[in-house]
Amino acid sequence: MSDPALEAVFREIAEADPSGERMAKTLRETIDQLYDGQHTGRFRWDQLYKTEKTHCGTLVEINLQRQFEFADGVNLDFKIAGVDVDCKYSQAHGGWMIPNEAHGELCLLVTADDASSRWSAGLVRADESKLNSGRNRDSKATLSADGRASISWLRLGAQLPPNVLLSLPEDDLDAIFALRSGQKRVNELFRRAQGRRIGRGVVATVAQQDDYMKRVRENGGARSQLQDEGIVILGDYTSHRLLAQRLGLERPERGESVSARLVKCGAGDAWSAEIDGQAWRVATDADAVEIAPRLPRLSVAS
């Protein structure tokens, strides 16, 4: 059955965020906001208090409204394309709880799993026929199998900006967090997580200082301190992204960095890039350490 209101809401969100990057960024920042790693050192969902986990849905709703500038709904959370829409978040896929006031209404369903770096968002008309008969003590219902099958997905299982700390071996984590200096912890992070996208939230968690991004930059930060070890740190500048691509590395997205140890090579070598008039490639374990080149200095991210 056609649902013109759902189609209009779907179209407006899709046009505002055709790649899904804005919603993914908002979810990443919301999870990092809950961890508050800069002050707590936390970086895993199971480190949160129960009340914090419960609060996540409220933060997702607030941050999505700020990101997309949705108007307030009359009876529900948002008004999108002139339609009232309720926003429901669940950390577990399929766990959305639909309140009485949203029965028969449009719901924006959102989920994000930091452990798997995946997120999804879709729209559904929460008709009674799509809800399970059971209710919790707040009279909230879950979607039935038919209800879940009727979701119109904006994104399903899309890539969430990664939390690199979740994928590092325990030995590496211990080596990073055992250091007492925030600068030394950041240096160790970029030594041990080479070739991986490292977001601002991870740097904040490791540095645990107000000026945490200063610990990455030149003029005394990791970019300067690791140069003698042959390690460069590529940021989210246009030129740095191009270098990452030519070197065969993951491209740092907005607010991210990628480190790698480099060595000189021939101009025609595969996966090489010219930096300051010399060709460089990513080093192997067999390559001797060479002082890293100085990267192009830019002040504006792409």
# chains A, B, ... in the order shown; residues from 1 in each chain; ligands from 1

call {"tool": "residues_around", "arguments": {"residues": "His93 in chain A", "least_positions_apart": "6", "cutoff": "12 Å", "atoms": "only C-alpha atoms", "output": "list in words"}}
result
Leu109, Val110, Thr111, Ala112, Asp113, Ser116, Arg118, Trp119, Ser120, Ala121, Gly122, Thr142, Leu143, Arg148, Leu156 and Gly157 of chain A

call {"tool": "write_last_selection", "arguments": {"atoms": "C-alpha atoms", "output": "mmCIF file, in the first residue's frame"}}
result
data_model
loop_
_atom_site.group_PDB
_atom_site.id
_atom_site.type_symbol
_atom_site.label_atom_id
_atom_site.label_comp_id
_atom_site.auth_asym_id
_atom_site.auth_seq_id
_atom_site.Cartn_x
_atom_site.Cartn_y
_atom_site.Cartn_z
ATOM 1 C CA LEU A 109 14.165 3.913 13.567
ATOM 2 C CA VAL A 110 17.884 4.213 14.291
ATOM 3 C CA THR A 111 20.438 1.726 15.580
ATOM 4 C CA ALA A 112 24.220 1.793 15.956
ATOM 5 C CA ASP A 113 26.590 -0.906 17.177
ATOM 6 C CA SER A 116 30.715 -3.971 14.698
ATOM 7 C CA ARG A 118 27.590 -0.624 11.781
ATOM 8 C CA TRP A 119 24.491 1.566 11.840
ATOM 9 C CA SER A 120 21.058 1.559 10.274
ATOM 10 C CA ALA A 121 18.161 3.971 9.892
ATOM 11 C CA GLY A 122 14.756 3.486 8.348
ATOM 12 C CA THR A 142 8.072 -3.852 19.586
ATOM 13 C CA LEU A 143 7.738 -4.360 15.857
ATOM 14 C CA ARG A 148 10.426 -5.187 10.633
ATOM 15 C CA LEU A 156 21.026 -0.780 6.486
ATOM 16 C CA GLY A 157 24.262 -2.039 8.040
#

call {"tool": "select_by_dssp", "arguments": {"residues": "range 76-246 of chain A", "states": "strand (DSSP E)", "output": "PDB file with C-alpha atoms, in the first residue's frame"}}
result
ATOM      1  CA  PHE A  78      10.103  15.894  14.726  1.00  0.00           C
ATOM      2  CA  LYS A  79       8.187  17.458  11.885  1.00  0.00           C
ATOM      3  CA  ILE A  80       9.764  16.422   8.566  1.00  0.00           C
ATOM      4  CA  VAL A  83       4.718  15.204   8.882  1.00  0.00           C
ATOM      5  CA  ASP A  84       5.004  14.317  12.579  1.00  0.00           C
ATOM      6  CA  VAL A  85       7.732  11.678  13.052  1.00  0.00           C
ATOM      7  CA  ASP A  86       8.782   9.850  16.230  1.00  0.00           C
ATOM      8  CA  CYS A  87      12.487   9.064  16.629  1.00  0.00           C
ATOM      9  CA  LYS A  88      13.306   5.679  18.160  1.00  0.00           C
ATOM     10  CA  TYR A  89      16.829   4.457  18.900  1.00  0.00           C
ATOM     11  CA  SER A  90      17.953   0.994  19.930  1.00  0.00           C
ATOM     12  CA  LEU A 106       5.645   7.400  11.249  1.00  0.00           C
ATOM     13  CA  CYS A 107       8.750   6.349  13.166  1.00  0.00           C
ATOM     14  CA  LEU A 108      12.386   7.027  12.297  1.00  0.00           C
ATOM     15  CA  LEU A 109      14.165   3.913  13.567  1.00  0.00           C
ATOM     16  CA  VAL A 110      17.884   4.213  14.291  1.00  0.00           C
ATOM     17  CA  THR A 111      20.438   1.726  15.580  1.00  0.00           C
ATOM     18  CA  ALA A 112      24.220   1.793  15.956  1.00  0.00           C
ATOM     19  CA  ASP A 113      26.590  -0.906  17.177  1.00  0.00           C
ATOM     20  CA  ARG A 118      27.590  -0.624  11.781  1.00  0.00           C
ATOM     21  CA  TRP A 119      24.491   1.566  11.840  1.00  0.00           C
ATOM     22  CA  SER A 120      21.058   1.559  10.274  1.00  0.00           C
ATOM     23  CA  ALA A 121      18.161   3.971   9.892  1.00  0.00           C
ATOM     24  CA  GLY A 122      14.756   3.486   8.348  1.00  0.00           C
ATOM     25  CA  LEU A 123      11.142   4.589   8.378  1.00  0.00           C
ATOM     26  CA  VAL A 124       8.059   2.592   9.260  1.00  0.00           C
ATOM     27  CA  ARG A 125       4.364   3.270   9.745  1.00  0.00           C
ATOM     28  CA  SER A 152      11.931   1.459   4.391  1.00  0.00           C
ATOM     29  CA  TRP A 153      15.672   1.590   4.948  1.00  0.00           C
ATOM     30  CA  LEU A 154      17.596   4.813   4.441  1.00  0.00           C
ATOM     31  CA  ARG A 155      20.732   2.845   5.369  1.00  0.00           C
ATOM     32  CA  LEU A 156      21.026  -0.780   6.486  1.00  0.00           C
ATOM     33  CA  GLY A 157      24.262  -2.039   8.040  1.00  0.00           C
ATOM     34  CA  ALA A 158      26.213   1.014   6.893  1.00  0.00           C
ATOM     35  CA  GLN A 159      29.756   1.747   8.084  1.00  0.00           C
ATOM     36  CA  ILE A 198      41.704   7.393  14.191  1.00  0.00           C
ATOM     37  CA  GLY A 199      38.916   9.808  15.112  1.00  0.00           C
ATOM     38  CA  ILE A 231      56.032   7.901  10.946  1.00  0.00           C
ATOM     39  CA  VAL A 232      53.771  10.434   9.281  1.00  0.00           C
ATOM     40  CA  ILE A 233      50.275  11.344  10.439  1.00  0.00           C
ATOM     41  CA  LEU A 234      47.866  12.218   7.637  1.00  0.00           C
TER      42      LEU A 234
END

call {"tool": "residues_around", "arguments": {"residues": "Val258 in chain A", "least_positions_apart": "2", "cutoff": "10 Å", "atoms": "only C-alpha atoms", "output": "list in words"}}
result
Phe190, Ala193, Gln194, Gly195, Arg196, Arg197, Ile198, Gly199, Val232, Ile233, Leu234, Gly235, Asp236, His240, Arg241, Ala244, Leu249, Glu250, Arg251, Pro252, Glu253, Glu256 and Ala260 of chain A

call {"tool": "write_last_selection", "arguments": {"atoms": "C-alpha atoms", "output": "mmCIF file, in the first residue's frame"}}
result
data_model
loop_
_atom_site.group_PDB
_atom_site.id
_atom_site.type_symbol
_atom_site.label_atom_id
_atom_site.label_comp_id
_atom_site.auth_asym_id
_atom_site.auth_seq_id
_atom_site.Cartn_x
_atom_site.Cartn_y
_atom_site.Cartn_z
ATOM 1 C CA PHE A 190 49.843 6.370 16.397
ATOM 2 C CA ALA A 193 47.441 1.765 15.151
ATOM 3 C CA GLN A 194 49.213 2.491 11.872
ATOM 4 C CA GLY A 195 47.109 2.385 8.717
ATOM 5 C CA ARG A 196 43.838 2.801 10.635
ATOM 6 C CA ARG A 197 41.422 5.712 10.795
ATOM 7 C CA ILE A 198 41.704 7.393 14.191
ATOM 8 C CA GLY A 199 38.916 9.808 15.112
ATOM 9 C CA VAL A 232 53.771 10.434 9.281
ATOM 10 C CA ILE A 233 50.275 11.344 10.439
ATOM 11 C CA LEU A 234 47.866 12.218 7.637
ATOM 12 C CA GLY A 235 44.888 14.404 8.516
ATOM 13 C CA ASP A 236 41.579 15.270 6.862
ATOM 14 C CA HIS A 240 46.661 14.369 2.908
ATOM 15 C CA ARG A 241 43.696 12.345 1.667
ATOM 16 C CA ALA A 244 46.757 8.329 1.679
ATOM 17 C CA LEU A 249 46.100 3.660 2.983
ATOM 18 C CA GLU A 250 42.589 4.277 4.251
ATOM 19 C CA ARG A 251 41.567 7.878 3.601
ATOM 20 C CA PRO A 252 41.052 9.895 6.769
ATOM 21 C CA GLU A 253 37.537 11.300 6.843
ATOM 22 C CA GLU A 256 40.228 11.642 11.464
ATOM 23 C CA ALA A 260 52.089 5.126 8.639
#

call {"tool": "closest_residue", "arguments": {"among": "A:Ala92, A:Ala204, A:Ala81, A:Leu76", "to": "Asp36 in chain A", "atoms": "only C-alpha atoms"}}
result
A:Ala204

call {"tool": "atom_distance", "arguments": {"atom1": "CA of Gln47 in chain A", "atom2": "CA of Asp174 in chain A"}}
result
16.5 Å

call {"tool": "select_by_dssp", "arguments": {"residues": "range 47-220 of chain A", "states": "helix (DSSP H, G or I)", "output": "ChimeraX atom specification"}}
result
/A:47,50-68,100-102,128-130,145-149,164-166,170-177,182-192,200-207,212-215

call {"tool": "atom_distance", "arguments": {"atom1": "CA of Thr30 in chain A", "atom2": "CA of Leu64 in chain A"}}
result
9.4 Å

call {"tool": "atom_distance", "arguments": {"atom1": "CA of Asp228 in chain A", "atom2": "CA of Ala279 in chain A"}}
result
17.7 Å

call {"tool": "residues_around", "arguments": {"residues": "Asn163 in chain A", "least_positions_apart": "6", "cutoff": "9 Å", "atoms": "only C-alpha atoms", "output": "PyMOL selection string"}}
result
chain A and resi 28+43+114-115+117+197-199+201-202

call {"tool": "closest_residue", "arguments": {"among": "A:Arg192, A:Leu34, A:Ile275, A:Arg66", "to": "Ser239 in chain A", "atoms": "only C-alpha atoms"}}
result
A:Ile275
